[in-house]
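Visitor: Input run.cif, format and content: mmCIF, N, CA and C atoms.
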data_structure
#
loop_
_atom_site.label_atom_id
_atom_site.label_comp_id
_atom_site.auth_asym_id
_atom_site.auth_seq_id
_atom_site.Cartn_x
_atom_site.Cartn_y
_atom_site.Cartn_z
N MET K 27 10.13 -20.50 -14.00
CA MET K 27 11.29 -19.63 -14.08
C MET K 27 12.17 -19.84 -12.86
N GLN K 28 13.44 -19.92 -13.08
CA GLN K 28 14.39 -20.10 -12.00
C GLN K 28 15.16 -18.80 -11.77
N PHE K 29 15.30 -18.42 -10.53
CA PHE K 29 16.04 -17.22 -10.15
C PHE K 29 17.37 -17.63 -9.54
N PRO K 30 18.33 -16.72 -9.49
CA PRO K 30 19.56 -17.01 -8.75
C PRO K 30 19.20 -17.27 -7.28
N ASP K 31 20.02 -18.00 -6.60
CA ASP K 31 19.81 -18.26 -5.17
C ASP K 31 19.70 -16.92 -4.42
N ARG K 32 18.68 -16.78 -3.61
CA ARG K 32 18.41 -15.51 -2.91
C ARG K 32 18.75 -15.57 -1.42
N THR K 33 19.45 -16.61 -1.00
CA THR K 33 19.79 -16.74 0.42
C THR K 33 20.53 -15.51 0.94
N ASP K 34 21.53 -15.04 0.20
CA ASP K 34 22.30 -13.86 0.64
C ASP K 34 21.44 -12.60 0.68
N SER K 35 20.57 -12.43 -0.32
CA SER K 35 19.73 -11.22 -0.31
C SER K 35 18.67 -11.29 0.79
N ILE K 36 18.20 -12.48 1.12
CA ILE K 36 17.26 -12.61 2.24
C ILE K 36 17.96 -12.17 3.53
N ASP K 37 19.17 -12.65 3.74
CA ASP K 37 19.93 -12.25 4.93
C ASP K 37 20.20 -10.74 4.94
N PHE K 38 20.59 -10.21 3.77
CA PHE K 38 20.88 -8.78 3.66
C PHE K 38 19.66 -7.94 4.00
N TYR K 39 18.51 -8.23 3.34
CA TYR K 39 17.31 -7.42 3.57
C TYR K 39 16.73 -7.64 4.95
N ASN K 40 16.85 -8.83 5.49
CA ASN K 40 16.39 -9.09 6.85
C ASN K 40 17.15 -8.21 7.84
N ASP K 41 18.47 -8.14 7.68
CA ASP K 41 19.29 -7.29 8.53
C ASP K 41 18.93 -5.81 8.32
N LEU K 42 18.73 -5.42 7.08
CA LEU K 42 18.38 -4.04 6.76
C LEU K 42 17.03 -3.65 7.38
N VAL K 43 16.06 -4.55 7.32
CA VAL K 43 14.76 -4.29 7.95
C VAL K 43 14.95 -4.06 9.44
N ARG K 44 15.67 -4.94 10.09
CA ARG K 44 15.86 -4.83 11.55
C ARG K 44 16.55 -3.51 11.93
N ARG K 45 17.60 -3.15 11.17
CA ARG K 45 18.31 -1.90 11.46
C ARG K 45 17.45 -0.68 11.18
N ALA K 46 16.71 -0.69 10.08
CA ALA K 46 15.86 0.45 9.72
C ALA K 46 14.73 0.63 10.73
N ARG K 47 14.14 -0.48 11.16
CA ARG K 47 13.07 -0.40 12.16
C ARG K 47 13.62 0.12 13.49
N ALA K 48 14.80 -0.37 13.87
CA ALA K 48 15.39 0.05 15.13
C ALA K 48 15.71 1.55 15.12
N SER K 49 16.07 2.07 13.94
CA SER K 49 16.41 3.50 13.86
C SER K 49 15.18 4.37 13.64
N GLY K 50 14.03 3.76 13.40
CA GLY K 50 12.81 4.52 13.19
C GLY K 50 12.68 5.11 11.80
N ASP K 51 13.49 4.63 10.87
CA ASP K 51 13.46 5.14 9.49
C ASP K 51 12.40 4.36 8.70
N ASN K 52 11.19 4.92 8.64
CA ASN K 52 10.08 4.21 7.98
C ASN K 52 10.30 4.03 6.49
N ALA K 53 10.86 5.03 5.82
CA ALA K 53 11.09 4.91 4.38
C ALA K 53 12.08 3.78 4.09
N ALA K 54 13.16 3.72 4.85
CA ALA K 54 14.14 2.65 4.66
C ALA K 54 13.53 1.29 5.01
N THR K 55 12.69 1.26 6.02
CA THR K 55 12.03 0.01 6.40
C THR K 55 11.11 -0.47 5.29
N ARG K 56 10.32 0.44 4.71
CA ARG K 56 9.44 0.08 3.59
C ARG K 56 10.26 -0.52 2.45
N ASN K 57 11.33 0.16 2.08
CA ASN K 57 12.17 -0.31 0.96
C ASN K 57 12.82 -1.66 1.28
N ALA K 58 13.27 -1.82 2.50
CA ALA K 58 13.91 -3.08 2.89
C ALA K 58 12.90 -4.23 2.87
N TYR K 59 11.69 -3.99 3.37
CA TYR K 59 10.66 -5.03 3.34
C TYR K 59 10.31 -5.41 1.90
N THR K 60 10.26 -4.42 1.02
CA THR K 60 9.96 -4.72 -0.38
C THR K 60 11.01 -5.67 -0.95
N GLY K 61 12.28 -5.39 -0.70
CA GLY K 61 13.35 -6.27 -1.15
C GLY K 61 13.30 -7.63 -0.50
N LEU K 62 12.97 -7.66 0.78
CA LEU K 62 12.91 -8.92 1.53
C LEU K 62 11.78 -9.81 1.01
N VAL K 63 10.60 -9.23 0.82
CA VAL K 63 9.47 -10.01 0.31
C VAL K 63 9.78 -10.54 -1.08
N GLU K 64 10.33 -9.70 -1.95
CA GLU K 64 10.65 -10.15 -3.31
C GLU K 64 11.71 -11.26 -3.28
N SER K 65 12.69 -11.14 -2.41
CA SER K 65 13.72 -12.18 -2.30
C SER K 65 13.11 -13.51 -1.84
N TRP K 66 12.22 -13.46 -0.84
CA TRP K 66 11.55 -14.67 -0.38
C TRP K 66 10.67 -15.25 -1.48
N LYS K 67 9.99 -14.36 -2.23
CA LYS K 67 9.13 -14.82 -3.32
C LYS K 67 9.94 -15.58 -4.36
N GLN K 68 11.08 -15.04 -4.74
CA GLN K 68 11.92 -15.70 -5.74
C GLN K 68 12.51 -16.99 -5.20
N GLN K 69 12.93 -16.98 -3.95
CA GLN K 69 13.50 -18.20 -3.37
C GLN K 69 12.41 -19.27 -3.23
N ASN K 70 11.19 -18.85 -2.93
CA ASN K 70 10.08 -19.79 -2.86
C ASN K 70 9.82 -20.41 -4.23
N THR K 71 9.88 -19.59 -5.28
CA THR K 71 9.73 -20.11 -6.64
C THR K 71 10.82 -21.12 -6.95
N ASN K 72 12.05 -20.80 -6.57
CA ASN K 72 13.18 -21.70 -6.79
C ASN K 72 12.97 -23.05 -6.11
N SER K 73 12.30 -23.02 -4.96
CA SER K 73 12.12 -24.25 -4.18
C SER K 73 10.81 -24.96 -4.51
N GLY K 74 10.15 -24.53 -5.55
CA GLY K 74 8.89 -25.17 -5.93
C GLY K 74 7.77 -24.94 -4.92
N GLY K 75 7.84 -23.84 -4.18
CA GLY K 75 6.79 -23.51 -3.22
C GLY K 75 7.03 -24.03 -1.82
N ALA K 76 8.18 -24.64 -1.59
CA ALA K 76 8.47 -25.24 -0.27
C ALA K 76 8.65 -24.18 0.83
N LEU K 77 8.85 -22.92 0.44
CA LEU K 77 9.08 -21.85 1.42
C LEU K 77 7.87 -20.93 1.58
N GLN K 78 6.70 -21.41 1.18
CA GLN K 78 5.49 -20.58 1.23
C GLN K 78 5.18 -20.11 2.65
N THR K 79 5.40 -20.96 3.65
CA THR K 79 5.14 -20.57 5.04
C THR K 79 6.00 -19.38 5.44
N GLU K 80 7.28 -19.42 5.07
CA GLU K 80 8.19 -18.33 5.39
C GLU K 80 7.80 -17.05 4.64
N LEU K 81 7.42 -17.21 3.37
CA LEU K 81 6.99 -16.06 2.57
C LEU K 81 5.74 -15.44 3.18
N ASP K 82 4.77 -16.25 3.55
CA ASP K 82 3.55 -15.73 4.17
C ASP K 82 3.86 -15.01 5.48
N ALA K 83 4.78 -15.55 6.26
CA ALA K 83 5.15 -14.93 7.54
C ALA K 83 5.77 -13.56 7.33
N ILE K 84 6.66 -13.42 6.35
CA ILE K 84 7.31 -12.13 6.13
C ILE K 84 6.32 -11.13 5.54
N ARG K 85 5.38 -11.61 4.73
CA ARG K 85 4.33 -10.71 4.23
C ARG K 85 3.46 -10.19 5.37
N ARG K 86 3.12 -11.06 6.32
CA ARG K 86 2.33 -10.63 7.49
C ARG K 86 3.11 -9.63 8.33
N GLU K 87 4.39 -9.89 8.51
CA GLU K 87 5.23 -8.97 9.28
C GLU K 87 5.27 -7.60 8.62
N TYR K 88 5.44 -7.58 7.30
CA TYR K 88 5.45 -6.32 6.55
C TYR K 88 4.10 -5.61 6.71
N SER K 89 3.01 -6.35 6.54
CA SER K 89 1.68 -5.77 6.67
C SER K 89 1.46 -5.18 8.06
N ASP K 90 1.95 -5.86 9.10
CA ASP K 90 1.83 -5.34 10.47
C ASP K 90 2.65 -4.07 10.65
N PHE K 91 3.84 -4.02 10.05
CA PHE K 91 4.64 -2.80 10.10
C PHE K 91 3.88 -1.64 9.46
N VAL K 92 3.28 -1.90 8.30
CA VAL K 92 2.59 -0.84 7.56
C VAL K 92 1.52 -0.18 8.42
N LYS K 93 0.83 -0.94 9.24
CA LYS K 93 -0.21 -0.38 10.10
C LYS K 93 0.32 0.71 11.02
N THR K 94 1.62 0.68 11.32
CA THR K 94 2.22 1.68 12.20
C THR K 94 2.90 2.81 11.44
N ASP K 95 2.92 2.74 10.12
CA ASP K 95 3.61 3.72 9.28
C ASP K 95 2.77 5.00 9.18
N PRO K 96 3.28 6.12 9.67
CA PRO K 96 2.51 7.38 9.62
C PRO K 96 2.14 7.81 8.20
N ASP K 97 3.00 7.56 7.22
CA ASP K 97 2.67 7.91 5.84
C ASP K 97 1.45 7.12 5.37
N TYR K 98 1.45 5.84 5.66
CA TYR K 98 0.31 4.98 5.31
C TYR K 98 -0.95 5.48 5.99
N GLN K 99 -0.86 5.77 7.29
CA GLN K 99 -2.03 6.20 8.04
C GLN K 99 -2.62 7.49 7.47
N LEU K 100 -1.77 8.43 7.11
CA LEU K 100 -2.21 9.70 6.55
C LEU K 100 -2.94 9.50 5.21
N ILE K 101 -2.33 8.73 4.33
CA ILE K 101 -2.94 8.47 3.02
C ILE K 101 -4.22 7.66 3.18
N ARG K 102 -4.18 6.66 4.03
CA ARG K 102 -5.38 5.82 4.28
C ARG K 102 -6.54 6.68 4.76
N ASP K 103 -6.28 7.54 5.74
CA ASP K 103 -7.34 8.37 6.29
C ASP K 103 -7.87 9.37 5.27
N GLY K 104 -6.98 9.95 4.47
CA GLY K 104 -7.41 10.87 3.42
C GLY K 104 -8.25 10.16 2.37
N THR K 105 -7.85 8.95 2.03
CA THR K 105 -8.59 8.15 1.05
C THR K 105 -9.98 7.82 1.58
N ILE K 106 -10.08 7.46 2.83
CA ILE K 106 -11.39 7.14 3.43
C ILE K 106 -12.32 8.35 3.32
N GLU K 107 -11.80 9.54 3.59
CA GLU K 107 -12.62 10.75 3.49
C GLU K 107 -13.10 10.98 2.06
N VAL K 108 -12.23 10.77 1.09
CA VAL K 108 -12.62 10.91 -0.31
C VAL K 108 -13.68 9.88 -0.67
N LEU K 109 -13.49 8.64 -0.23
CA LEU K 109 -14.43 7.57 -0.58
C LEU K 109 -15.81 7.75 0.05
N LYS K 110 -15.86 8.45 1.17
CA LYS K 110 -17.17 8.75 1.77
C LYS K 110 -17.98 9.65 0.85
N GLN K 111 -17.27 10.53 0.13
CA GLN K 111 -17.95 11.46 -0.77
C GLN K 111 -18.04 10.95 -2.21
N ARG K 112 -17.09 10.11 -2.60
CA ARG K 112 -17.04 9.63 -3.98
C ARG K 112 -16.79 8.12 -4.05
N PRO K 113 -17.71 7.31 -3.53
CA PRO K 113 -17.51 5.86 -3.63
C PRO K 113 -17.44 5.44 -5.09
N GLY K 114 -16.55 4.52 -5.38
CA GLY K 114 -16.41 4.04 -6.74
C GLY K 114 -15.39 4.81 -7.56
N ILE K 115 -14.70 5.76 -6.95
CA ILE K 115 -13.69 6.54 -7.65
C ILE K 115 -12.58 5.60 -8.12
N LEU K 116 -11.99 5.92 -9.24
CA LEU K 116 -10.86 5.13 -9.72
C LEU K 116 -9.58 5.55 -9.01
N GLN K 117 -8.71 4.58 -8.81
CA GLN K 117 -7.43 4.87 -8.16
C GLN K 117 -6.67 5.95 -8.93
N THR K 118 -6.73 5.92 -10.25
CA THR K 118 -6.02 6.92 -11.05
C THR K 118 -6.54 8.33 -10.79
N GLU K 119 -7.82 8.46 -10.42
CA GLU K 119 -8.37 9.77 -10.09
C GLU K 119 -7.80 10.28 -8.76
N LEU K 120 -7.46 9.37 -7.87
CA LEU K 120 -6.86 9.79 -6.60
C LEU K 120 -5.48 10.42 -6.82
N TYR K 121 -4.79 9.98 -7.86
CA TYR K 121 -3.48 10.56 -8.16
C TYR K 121 -3.61 12.06 -8.40
N GLU K 122 -4.73 12.49 -8.99
CA GLU K 122 -4.96 13.92 -9.23
C GLU K 122 -5.36 14.62 -7.94
N ILE K 123 -6.22 13.99 -7.16
CA ILE K 123 -6.68 14.59 -5.91
C ILE K 123 -5.52 14.77 -4.94
N PHE K 124 -4.65 13.76 -4.86
CA PHE K 124 -3.49 13.81 -3.97
C PHE K 124 -2.21 14.04 -4.78
N SER K 125 -2.24 15.02 -5.66
CA SER K 125 -1.12 15.25 -6.58
C SER K 125 0.19 15.60 -5.87
N ASP K 126 0.11 16.02 -4.61
CA ASP K 126 1.33 16.34 -3.86
C ASP K 126 1.99 15.10 -3.26
N ILE K 127 1.34 13.94 -3.37
CA ILE K 127 1.88 12.69 -2.85
C ILE K 127 2.38 11.85 -4.02
N PRO K 128 3.60 11.33 -3.93
CA PRO K 128 4.11 10.50 -5.03
C PRO K 128 3.18 9.32 -5.32
N LYS K 129 3.03 9.00 -6.59
CA LYS K 129 2.16 7.92 -7.04
C LYS K 129 2.51 6.60 -6.34
N GLU K 130 3.80 6.32 -6.18
CA GLU K 130 4.22 5.08 -5.55
C GLU K 130 3.76 5.01 -4.09
N ALA K 131 3.75 6.15 -3.40
CA ALA K 131 3.29 6.18 -2.01
C ALA K 131 1.79 5.90 -1.94
N LEU K 132 1.05 6.45 -2.89
CA LEU K 132 -0.39 6.16 -2.94
C LEU K 132 -0.64 4.69 -3.24
N GLN K 133 0.08 4.14 -4.20
CA GLN K 133 -0.09 2.73 -4.54
C GLN K 133 0.19 1.84 -3.34
N TYR K 134 1.26 2.15 -2.63
CA TYR K 134 1.64 1.40 -1.42
C TYR K 134 0.51 1.45 -0.39
N ALA K 135 0.03 2.65 -0.11
CA ALA K 135 -1.00 2.81 0.91
C ALA K 135 -2.31 2.15 0.50
N LEU K 136 -2.69 2.28 -0.76
CA LEU K 136 -3.96 1.70 -1.21
C LEU K 136 -3.89 0.18 -1.23
N TYR K 137 -2.75 -0.37 -1.63
CA TYR K 137 -2.58 -1.82 -1.62
C TYR K 137 -2.78 -2.36 -0.20
N PHE K 138 -2.11 -1.72 0.77
CA PHE K 138 -2.21 -2.22 2.15
C PHE K 138 -3.54 -1.88 2.80
N ALA K 139 -4.16 -0.76 2.43
CA ALA K 139 -5.49 -0.45 2.96
C ALA K 139 -6.47 -1.54 2.54
N ALA K 140 -6.34 -2.02 1.30
CA ALA K 140 -7.18 -3.13 0.85
C ALA K 140 -6.81 -4.41 1.58
N ASP K 141 -5.51 -4.65 1.75
CA ASP K 141 -5.04 -5.84 2.47
C ASP K 141 -5.58 -5.85 3.91
N HIS K 142 -5.69 -4.68 4.51
CA HIS K 142 -6.17 -4.56 5.89
C HIS K 142 -7.69 -4.51 5.97
N GLY K 143 -8.38 -4.53 4.82
CA GLY K 143 -9.83 -4.51 4.82
C GLY K 143 -10.44 -3.15 5.05
N VAL K 144 -9.64 -2.09 4.94
CA VAL K 144 -10.12 -0.73 5.18
C VAL K 144 -10.83 -0.17 3.95
N ILE K 145 -10.36 -0.57 2.77
CA ILE K 145 -11.00 -0.20 1.51
C ILE K 145 -11.16 -1.46 0.66
N VAL K 146 -11.94 -1.34 -0.39
CA VAL K 146 -12.10 -2.43 -1.35
C VAL K 146 -11.57 -1.93 -2.69
N ARG K 147 -10.66 -2.68 -3.28
CA ARG K 147 -10.11 -2.36 -4.61
C ARG K 147 -10.58 -3.42 -5.57
N THR K 148 -11.26 -2.98 -6.63
CA THR K 148 -11.77 -3.90 -7.65
C THR K 148 -11.15 -3.50 -8.98
N LYS K 149 -10.49 -4.45 -9.61
CA LYS K 149 -9.84 -4.17 -10.90
C LYS K 149 -10.87 -3.63 -11.88
N LYS K 150 -10.54 -2.52 -12.52
CA LYS K 150 -11.43 -1.92 -13.51
C LYS K 150 -10.55 -1.36 -14.62
N GLY K 151 -10.48 -2.09 -15.73
CA GLY K 151 -9.61 -1.68 -16.83
C GLY K 151 -8.16 -1.69 -16.37
N ARG K 152 -7.50 -0.58 -16.56
CA ARG K 152 -6.09 -0.47 -16.17
C ARG K 152 -5.92 0.15 -14.79
N SER K 153 -7.00 0.31 -14.05
CA SER K 153 -6.96 0.92 -12.73
C SER K 153 -7.73 0.04 -11.75
N TYR K 154 -8.03 0.61 -10.60
CA TYR K 154 -8.86 -0.06 -9.60
C TYR K 154 -9.98 0.89 -9.21
N GLN K 155 -11.17 0.34 -9.03
CA GLN K 155 -12.28 1.11 -8.50
C GLN K 155 -12.21 0.94 -6.98
N LEU K 156 -12.35 2.04 -6.25
CA LEU K 156 -12.19 2.02 -4.81
C LEU K 156 -13.51 2.31 -4.11
N SER K 157 -13.74 1.63 -3.02
CA SER K 157 -14.92 1.88 -2.20
C SER K 157 -14.61 1.46 -0.77
N LEU K 158 -15.52 1.82 0.11
CA LEU K 158 -15.41 1.41 1.51
C LEU K 158 -16.17 0.11 1.70
N PRO K 159 -15.68 -0.77 2.56
CA PRO K 159 -16.44 -1.99 2.84
C PRO K 159 -17.68 -1.65 3.66
N ASP K 160 -18.73 -2.44 3.49
CA ASP K 160 -19.90 -2.28 4.36
C ASP K 160 -19.49 -2.68 5.76
N THR K 161 -20.31 -2.34 6.72
CA THR K 161 -19.99 -2.71 8.10
C THR K 161 -19.97 -4.22 8.30
N ASP K 162 -20.64 -4.97 7.40
CA ASP K 162 -20.61 -6.42 7.50
C ASP K 162 -19.43 -7.04 6.75
N GLY K 163 -18.53 -6.14 6.21
CA GLY K 163 -17.33 -6.62 5.55
C GLY K 163 -17.44 -6.75 4.05
N THR K 164 -18.62 -6.49 3.48
CA THR K 164 -18.77 -6.54 2.04
C THR K 164 -18.59 -5.14 1.46
N GLN K 165 -18.57 -5.07 0.15
CA GLN K 165 -18.37 -3.79 -0.51
C GLN K 165 -19.67 -2.98 -0.52
N GLN K 166 -19.53 -1.65 -0.37
CA GLN K 166 -20.69 -0.78 -0.45
C GLN K 166 -21.22 -0.72 -1.87
N ILE K 167 -22.44 -0.23 -2.00
CA ILE K 167 -23.03 -0.03 -3.33
C ILE K 167 -22.19 0.99 -4.06
N VAL K 168 -21.84 0.67 -5.30
CA VAL K 168 -21.06 1.57 -6.15
C VAL K 168 -21.93 1.88 -7.35
N GLY K 169 -22.37 3.12 -7.46
CA GLY K 169 -23.22 3.49 -8.57
C GLY K 169 -24.55 2.75 -8.49
N PRO K 170 -25.18 2.47 -9.64
CA PRO K 170 -26.51 1.86 -9.63
C PRO K 170 -26.50 0.35 -9.36
N GLU K 171 -25.35 -0.27 -9.41
CA GLU K 171 -25.32 -1.73 -9.21
C GLU K 171 -24.58 -2.10 -7.94
N ARG K 172 -24.91 -3.25 -7.40
CA ARG K 172 -24.21 -3.74 -6.20
C ARG K 172 -23.15 -4.72 -6.67
N ARG K 173 -21.97 -4.62 -6.07
CA ARG K 173 -20.86 -5.52 -6.42
C ARG K 173 -20.88 -6.69 -5.48
#
Give the structure from the file, written as structure tokens.
Guide:
Amino acid sequence: MQFPDRTDSIDFYNDLVRRARASGDNAATRNAYTGLVESWKQQNTNSGGALQTELDAIRREYSDFVKTDPDYQLIRDGTIEVLKQRPGILQTELYEIFSDIPKEALQYALYFAADHGVIVRTKKGRSYQLSLPDTDGTQQIVGPERR
């Protein structure tokens, strides 16, 4: 699949990320990074993968930003507490437990918590089964079987 040239949108979102970060607006920074990563992804597809290094770099930068995001930290910490009591819970069940938090915010936090190795997300049907990693970096026992 070919996308329109994304050079202008890469420049636009890159500038937006820098301005949002400088102003301390985490929500705007999250949104700008989402646009920036998607623009790099599409431009990388257009180039037949020649921009993979740049795409990987911006993904790492976004992931590093997320570690400092207070919303992420709050959701991550709450999720860890739930997983200590209910290992193997489905991500969709967390939507009910944290019903005061928008679903998109939970998805964002859970995606990056897994990316950071704080939780383990395993595809299960139309959801993800969540658990804490063992201290050796593997997944904890979930129910009667080991993953």
Visitor: Give me, please, the distance in Å between CA of Lys67 in chain K and CA of Ile127 in chain K, quoted to one decimal.
Guide: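 It comes out at 28.5 Å.
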Visitor: Go through K:Lys93, K:Arg85, K:Arg147, K:Arg56 one by one, measure the shortest atom-to-atom distance of each to Ala131 in chain K using only C-alpha atoms, and give the residue with the smallest value.
Guide: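 The answer is K:Arg56, which sits nearest to Ala131 in chain K.
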Visitor: What does the structure give for the distance between atom C of Lys149 in chain K and atom N of Trp66 in chain K, in Å to one decimal?
Guide: 27.4 Å
Visitor: How many Å lie between atom C of Asp103 in chain K and atom C of Ser49 in chain K, rounded to one decimal?
Guide: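 Those two atoms sit 25.0 Å apart.
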Visitor: Where does the PyMOL selection byres (((chain K and resi 105 and name CA) around 12) and name CA) land in this file, that is, which residues does it pick, as a ChimeraX atom specification?
Guide: /K:98-104,106-117,119-121,123-124,132-133,135-137,139-140,144-146,156-158
Visitor: As a check of understanding, name the residues that the PyMOL selection byres (((chain K and resi 39 and name CA) around 10) and name CA) selects in the supplied structure, as a list in words.
Guide: Asp34, Ser35, Ile36, Asp37, Phe38, Asn40, Asp41, Leu42, Val43, Arg44, Arg45, Thr55, Asn57, Ala58, Tyr59, Thr60, Gly61, Leu62, Val63, Glu64 and Ser65 of chain K
Visitor: What parts of range 37-157 of chain K does DSSP call helix (DSSP H, G or I)? I'd like the answer as number ranges by chain.
Guide: K: 37-49, 52-72, 78-93, 96-111, 117-123, 129-141
Visitor: For Ala53 in chain K, which residue among K:Glu122, K:Asp90, K:Tyr134, K:Gln69 is the nearest when counting only C-alpha atoms?
Guide: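 Under the stated criterion, the closest residue is K:Tyr134.
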Visitor: Applied to this file, what does the PyMOL selection byres ((chain K and resi 27) around 6.5) return in terms of residues, put as a ChimeraX atom specification?
Guide: /K:28-29,71-72
